[in-house]
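Engineer: Here it is: the structure, laid out below.
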Amino acid sequence: MLRRFRNVARIGPVRVGTANDQQGRVKHTAVCTAPRCDFSADYDTRAAAELAARTHRCPIR
């Protein structure tokens with residue numbers, strides 16, 4: 001399913017965006033855009049997604 005993200009912000013290599021899931025609930029997603037880093041996670045609150053983005057460290061350097 002194609003997600004339509006809104007309110008996208010970039011914190012270092014991590015992007016945080018807001019979208020609706022398949023049940024219509026609002027979810028906040030944090031995704032690392034660094035090469036070979038597979039970090040991505042969904043959160044219920046924007047604050048949790050931004051905290052994950054700020055504290056994320058890529059395992060491959």
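Here, A, B, ... name the chains of the structure tokens in the order displayed, residue numbers run from 1 inside each chain, and ligands are numbered from 1 in the same displayed order.
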Find the spatial neighbours of range 26-28 of chain A, counting only C-alpha atoms, within a cut-off of 12 Å - ignore same-chain residues fewer than 5 positions away - and output them as a ChimeraX atom specification.
Structural biologist: /A:3-9,15-21,40-53
Engineer: Pick out each residue of range 8-40 of chain A that DSSP on the backbone tags as strand (DSSP E); I need them as a list of chain:residue names.
Structural biologist: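 Result set for range 8-40 of chain A (strand (DSSP E)): A:Val8, A:Ala9, A:Arg10, A:Ile11, A:Val14, A:Arg15, A:Val16, A:Gly17, A:Thr18, A:Ala19, A:Asn20, A:Val26, A:Lys27, A:His28, A:Thr29, A:Ala30, A:Val31, A:Cys32, A:Ser40.
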Engineer: Quick one: pull the distance between CA of Arg10 in chain A and CA of Arg36 in chain A, Å, one decimal.
Structural biologist: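 According to the coordinates, CA of Arg10 in chain A and CA of Arg36 in chain A are separated by 18.1 Å.
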Engineer: Return as a PyMOL selection string the full set of residues in chain A whose backbone-based DSSP assignment is alpha helix (DSSP H).
Structural biologist: chain A and resi 46-55
Engineer: With only C-alpha atoms as the atoms that count, which of A:Gly12, A:Arg25, A:Pro35, A:Ala30 lies nearest to Pro59 in chain A?
Structural biologist: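 For Pro59 in chain A, the nearest of the given residues is A:Pro35.
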Engineer: Applying 10 Å and only C-alpha atoms, which residues near Pro13 in chain A remain after dropping the ones on its own chain fewer than 6 positions away? List them as a PyMOL selection string.
Structural biologist: chain A and resi 31-35+53-54+56-58
